[in-house]
>>> print(open('final.cif').read())   # mmCIF, C-alpha atoms
data_query
loop_
_atom_site.label_atom_id
_atom_site.label_comp_id
_atom_site.auth_asym_id
_atom_site.auth_seq_id
_atom_site.Cartn_x
_atom_site.Cartn_y
_atom_site.Cartn_z
CA SER R 5 1.52 2.78 1.27
CA SER R 6 2.54 6.35 1.75
CA ALA R 7 3.39 6.43 -1.97
CA LEU R 8 -0.19 7.56 -2.60
CA GLY R 9 0.58 10.60 -0.49
CA SER R 10 -2.03 13.23 0.21
CA ARG R 11 -3.78 13.02 -3.11
CA PRO R 12 -7.29 14.34 -3.44
CA LEU R 13 -9.87 11.63 -3.95
CA ASP R 14 -12.47 14.24 -4.77
CA GLY R 15 -14.50 12.17 -7.17
CA SER R 16 -13.21 13.98 -10.25
CA ARG R 17 -12.83 11.49 -13.06
CA LYS R 18 -9.55 13.03 -14.24
CA ASN R 19 -7.87 12.77 -10.81
CA ALA R 20 -9.13 9.23 -10.30
CA GLU R 21 -7.96 8.01 -13.73
CA LYS R 22 -4.49 9.48 -13.13
CA LEU R 23 -4.30 7.81 -9.71
CA TRP R 24 -5.41 4.39 -11.02
CA GLN R 25 -2.91 4.59 -13.89
CA GLU R 26 -0.10 5.19 -11.43
CA PHE R 27 -1.36 2.69 -8.82
CA PRO R 28 -3.47 0.09 -10.69
CA THR R 29 -3.54 -2.36 -7.79
CA ALA R 30 -5.22 0.29 -5.60
CA LEU R 31 -8.33 0.37 -7.79
CA PRO R 32 -9.85 -2.93 -6.55
CA ALA R 33 -9.31 -1.78 -2.96
CA TRP R 34 -11.04 1.51 -3.72
CA GLU R 35 -13.96 -0.23 -5.43
CA SER R 36 -14.52 -2.49 -2.38
CA ARG R 37 -13.88 0.24 0.21
CA TYR R 38 -15.72 0.81 3.44
CA GLU R 39 -16.85 4.32 4.24
CA VAL R 40 -17.19 5.31 7.87
CA LEU R 41 -18.31 8.57 9.44
CA LEU R 42 -16.91 8.98 12.94
CA GLU R 43 -18.63 11.13 15.51
CA GLU R 44 -16.92 13.16 18.20
CA GLY R 45 -14.99 10.90 20.60
CA GLU R 46 -15.05 7.83 18.34
CA ILE R 47 -11.96 6.03 17.07
CA LEU R 48 -11.21 3.78 14.13
CA PHE R 49 -8.62 1.01 14.11
CA ILE R 50 -7.12 0.39 10.67
CA PRO R 51 -5.10 -2.84 10.42
CA ALA R 52 -1.52 -2.73 9.22
CA LEU R 53 -1.06 -2.69 5.44
CA TRP R 54 -4.63 -1.57 4.72
CA LEU R 55 -4.81 1.10 2.05
CA HIS R 56 -6.84 3.96 3.46
CA CYS R 57 -7.61 7.62 3.13
CA THR R 58 -9.34 10.05 5.43
CA GLU R 59 -11.26 13.26 5.01
CA ALA R 60 -12.22 15.76 7.67
CA CYS R 61 -15.98 16.32 7.71
CA HIS R 62 -17.32 19.00 10.00
CA ALA R 63 -20.55 18.40 11.86
CA GLU R 64 -23.01 21.28 11.94
CA ARG R 65 -22.44 21.77 15.66
CA ALA R 66 -18.65 21.58 15.39
CA ASP R 67 -16.24 24.46 14.97
CA PRO R 68 -15.51 24.37 11.21
CA GLY R 69 -11.96 25.58 11.89
CA LEU R 70 -11.06 22.72 14.22
CA CYS R 71 -10.31 19.14 13.31
CA VAL R 72 -7.91 16.83 15.16
CA SER R 73 -6.64 13.53 13.81
CA VAL R 74 -4.11 11.30 15.55
CA ASN R 75 -2.23 8.37 14.02
CA VAL R 76 -0.69 5.74 16.24
CA PHE R 77 1.36 2.97 14.67
CA LEU R 78 1.94 -0.18 16.64
CA LYS R 79 5.09 -2.26 16.32
CA ARG R 80 4.62 -5.99 16.30
CA THR R 81 7.21 -7.53 18.57
CA ASP R 82 7.65 -10.49 16.20
CA LEU R 83 8.77 -8.02 13.48
CA GLU R 84 10.98 -5.89 15.73
CA ALA R 85 14.18 -6.95 13.94
CA LEU R 86 12.72 -5.78 10.61
CA HIS R 87 11.97 -2.24 11.83
CA ASP R 88 14.41 0.61 11.43
CA PRO R 89 15.61 1.33 15.00
CA LYS R 90 15.36 5.07 14.25
CA ASP R 91 11.68 4.69 13.31
CA VAL R 92 10.10 5.17 16.73
CA TRP R 93 6.57 5.54 15.31
CA ALA R 94 6.77 2.43 13.07
CA ASN R 95 5.43 4.30 10.04
CA ARG R 96 8.28 3.55 7.64
CA GLU R 97 8.54 0.52 5.40
CA LEU R 98 10.21 -2.50 7.02
CA LEU R 99 13.98 -2.58 6.39
CA PRO R 100 13.94 -5.40 3.79
CA ALA R 101 11.19 -3.56 1.90
CA GLN R 102 13.20 -0.31 2.04
CA GLU R 103 16.19 -2.18 0.66
CA ALA R 104 14.14 -3.78 -2.12
CA PHE R 105 12.51 -0.51 -3.18
CA LYS R 106 15.85 1.30 -3.15
CA ALA R 107 17.33 -1.41 -5.40
CA LEU R 108 14.29 -1.20 -7.66
CA GLU R 109 14.51 2.60 -7.94
CA ASP R 110 18.32 2.82 -8.13
CA LYS R 111 19.12 -0.21 -10.28
CA ALA R 112 16.26 -2.19 -11.81
CA LEU R 113 14.11 0.66 -13.13
CA PRO R 114 17.02 2.66 -14.63
CA ALA R 115 18.31 -0.52 -16.31
CA LEU R 116 14.88 -1.33 -17.76
CA ARG R 117 14.49 2.28 -18.99
CA ARG R 118 17.58 1.79 -21.18
CA LEU R 119 15.76 -0.88 -23.18
CA PRO R 120 13.81 -0.14 -26.36
CA PRO R 121 10.06 0.24 -25.61
CA GLU R 122 9.06 -3.22 -26.89
CA HIS R 123 11.69 -4.93 -24.72
CA ARG R 124 11.03 -2.61 -21.76
CA SER R 125 7.36 -3.64 -21.90
CA PHE R 126 8.24 -7.35 -22.05
CA TYR R 127 10.78 -7.30 -19.22
CA GLY R 128 8.70 -4.93 -17.12
CA ARG R 129 5.79 -7.36 -17.32
CA LYS R 130 8.13 -10.26 -16.61
CA ALA R 131 9.39 -8.52 -13.45
CA ALA R 132 5.83 -7.62 -12.43
CA SER R 133 4.79 -11.25 -12.95
CA GLN R 134 7.56 -12.47 -10.64
CA LEU R 135 6.54 -9.95 -7.97
CA LEU R 136 2.86 -10.92 -8.26
CA ARG R 137 3.76 -14.63 -8.06
CA MET R 138 5.71 -13.94 -4.85
CA ALA R 139 2.76 -11.96 -3.44
CA HIS R 140 0.29 -14.75 -4.30
CA GLU R 141 2.57 -17.37 -2.72
CA ALA R 142 2.75 -15.25 0.45
CA GLU R 143 -1.04 -14.90 0.49
CA ARG R 144 -1.46 -18.68 0.16
CA MET R 145 1.03 -19.20 3.01
CA GLU R 146 -0.88 -16.67 5.12
CA LEU R 147 -4.07 -18.64 4.50
CA GLY R 148 -2.30 -21.92 5.25
CA LEU R 149 -2.71 -23.25 1.71
CA GLY R 150 -0.19 -25.28 -0.25
CA GLU R 151 0.43 -24.85 -3.98
CA ASP R 152 -2.44 -27.19 -4.85
CA GLY R 153 -4.87 -25.29 -2.62
CA GLU R 154 -4.75 -27.95 0.08
CA THR R 155 -4.44 -26.80 3.68
CA TRP R 156 -1.03 -27.30 5.21
CA GLU R 157 0.51 -26.53 8.57
CA ALA R 158 3.74 -24.56 8.88
#
>>> encode(input="final.cif", output="structure tokens")
Amino acid sequence: SSALGSRPLDGSRKNAEKLWQEFPTALPAWESRYEVLLEEGEILFIPALWLHCTEACHAERADPGLCVSVNVFLKRTDLEALHDPKDVWANRELLPAQEAFKALEDKALPALRRLPPEHRSFYGRKAASQLLRMAHEAERMELGLGEDGETWEA
């Protein structure tokens, strides 16, 4: 997600610890990352929803002042109705996700912050548990698995 922004992943322990505290689910992705060095003229396709970061590395023969990177986002036609019509490059969150995050930021989080710390911790974990359960159910559906792990057809 673009929530990570342009943060330096420079290997400093302090920066990494701060990042993993803020985005704990990104740590497993980072620990199982692929590292690729592209040469001049090569391209890399990164599937939708893959957490990624890039760094410009200059080859000895290259002009150290020149680096060009191009992002191209592809809209899936089956998700067309979920895209913001103003988002011509398809790099924004899908509309239902935008709506959910806005509600989370505008309503749920402020309401939870009004709770005493002990209760905020409990209800925050309860909300996180519900979100993780929904994510796991979606992953099982994507794999074609039912609740008992048996394969099922949609």
>>> atom_distance(input="final.cif", atom1="atom CA of Ala30 of chain R", atom2="atom CA of Phe105 of chain R")
17.9 Å
>>> atom_distance(input="final.cif", atom1="atom CA of Arg144 of chain R", atom2="atom CA of Trp54 of chain R")
18.0 Å
>>> atom_distance(input="final.cif", atom1="atom CA of Ala94 of chain R", atom2="atom CA of Phe77 of chain R")
5.7 Å
>>> residues_around(input="final.cif", residues="Trp24 of chain R", least_positions_apart="4", cutoff="12 Å", atoms="all atoms listed in the file", output="list of chain:residue names")
R:Leu8, R:Arg11, R:Leu13, R:Arg17, R:Lys18, R:Asn19, R:Ala20, R:Pro28, R:Thr29, R:Ala30, R:Leu31, R:Pro32, R:Ala33, R:Trp34, R:Glu35
>>> write_last_selection(input="final.cif", atoms="C-alpha atoms", output="short mmCIF file (atom, residue, chain, number, x, y, z; two decimals), in the frame of the given file")
data_model
loop_
_atom_site.label_atom_id
_atom_site.label_comp_id
_atom_site.auth_asym_id
_atom_site.auth_seq_id
_atom_site.Cartn_x
_atom_site.Cartn_y
_atom_site.Cartn_z
CA LEU R 8 -0.19 7.56 -2.60
CA ARG R 11 -3.78 13.02 -3.11
CA LEU R 13 -9.87 11.63 -3.95
CA ARG R 17 -12.83 11.49 -13.06
CA LYS R 18 -9.55 13.03 -14.24
CA ASN R 19 -7.87 12.77 -10.81
CA ALA R 20 -9.13 9.23 -10.30
CA PRO R 28 -3.47 0.09 -10.69
CA THR R 29 -3.54 -2.36 -7.79
CA ALA R 30 -5.22 0.29 -5.60
CA LEU R 31 -8.33 0.37 -7.79
CA PRO R 32 -9.85 -2.93 -6.55
CA ALA R 33 -9.31 -1.78 -2.96
CA TRP R 34 -11.04 1.51 -3.72
CA GLU R 35 -13.96 -0.23 -5.43
#
>>> closest_residue(input="final.cif", among="R:Glu143, R:Asn95, R:Gln134, R:Thr58", to="Val72 of chain R", atoms="only C-alpha atoms")
R:Thr58
>>> closest_residue(input="final.cif", among="R:Ala131, R:Ala115, R:Ala52, R:Leu149", to="Lys79 of chain R", atoms="all atoms listed in the file")
R:Ala52
>>> closest_residue(input="final.cif", among="R:Leu23, R:Val76, R:Cys61, R:Ala112", to="Leu48 of chain R", atoms="only C-alpha atoms")
R:Val76
>>> resolve_selection(input="final.cif", expression="the PyMOL selection byres ((chain R and resi 78) around 12)", output="ChimeraX atom specification")
/R:49-53,75-77,79-84,87,91-96
>>> closest_residue(input="final.cif", among="R:Leu99, R:Pro114, R:Tyr38, R:His140", to="Leu55 of chain R", atoms="all atoms listed in the file")
R:Tyr38
>>> resolve_selection(input="final.cif", expression="the PyMOL selection byres ((chain R and resi 42) around 12)", output="list in words")
Glu39, Val40, Leu41, Glu43, Glu44, Gly45, Glu46, Ile47, Leu48, Phe49, Thr58, Glu59, Ala60, Cys61, His62, Ala63 and Ser73 of chain R
>>> write_last_selection(input="final.cif", atoms="C-alpha atoms", output="PDB file, in the frame of the given file")
ATOM      1  CA  GLU R  39     -16.850   4.320   4.240  1.00  0.00           C
ATOM      2  CA  VAL R  40     -17.190   5.310   7.870  1.00  0.00           C
ATOM      3  CA  LEU R  41     -18.310   8.570   9.440  1.00  0.00           C
ATOM      4  CA  GLU R  43     -18.630  11.130  15.510  1.00  0.00           C
ATOM      5  CA  GLU R  44     -16.920  13.160  18.200  1.00  0.00           C
ATOM      6  CA  GLY R  45     -14.990  10.900  20.600  1.00  0.00           C
ATOM      7  CA  GLU R  46     -15.050   7.830  18.340  1.00  0.00           C
ATOM      8  CA  ILE R  47     -11.960   6.030  17.070  1.00  0.00           C
ATOM      9  CA  LEU R  48     -11.210   3.780  14.130  1.00  0.00           C
ATOM     10  CA  PHE R  49      -8.620   1.010  14.110  1.00  0.00           C
ATOM     11  CA  THR R  58      -9.340  10.050   5.430  1.00  0.00           C
ATOM     12  CA  GLU R  59     -11.260  13.260   5.010  1.00  0.00           C
ATOM     13  CA  ALA R  60     -12.220  15.760   7.670  1.00  0.00           C
ATOM     14  CA  CYS R  61     -15.980  16.320   7.710  1.00  0.00           C
ATOM     15  CA  HIS R  62     -17.320  19.000  10.000  1.00  0.00           C
ATOM     16  CA  ALA R  63     -20.550  18.400  11.860  1.00  0.00           C
ATOM     17  CA  SER R  73      -6.640  13.530  13.810  1.00  0.00           C
TER      18      SER R  73
END
>>> closest_residue(input="final.cif", among="R:Arg124, R:Arg118, R:Ala101, R:Met145", to="Leu86 of chain R", atoms="all atoms listed in the file")
R:Ala101
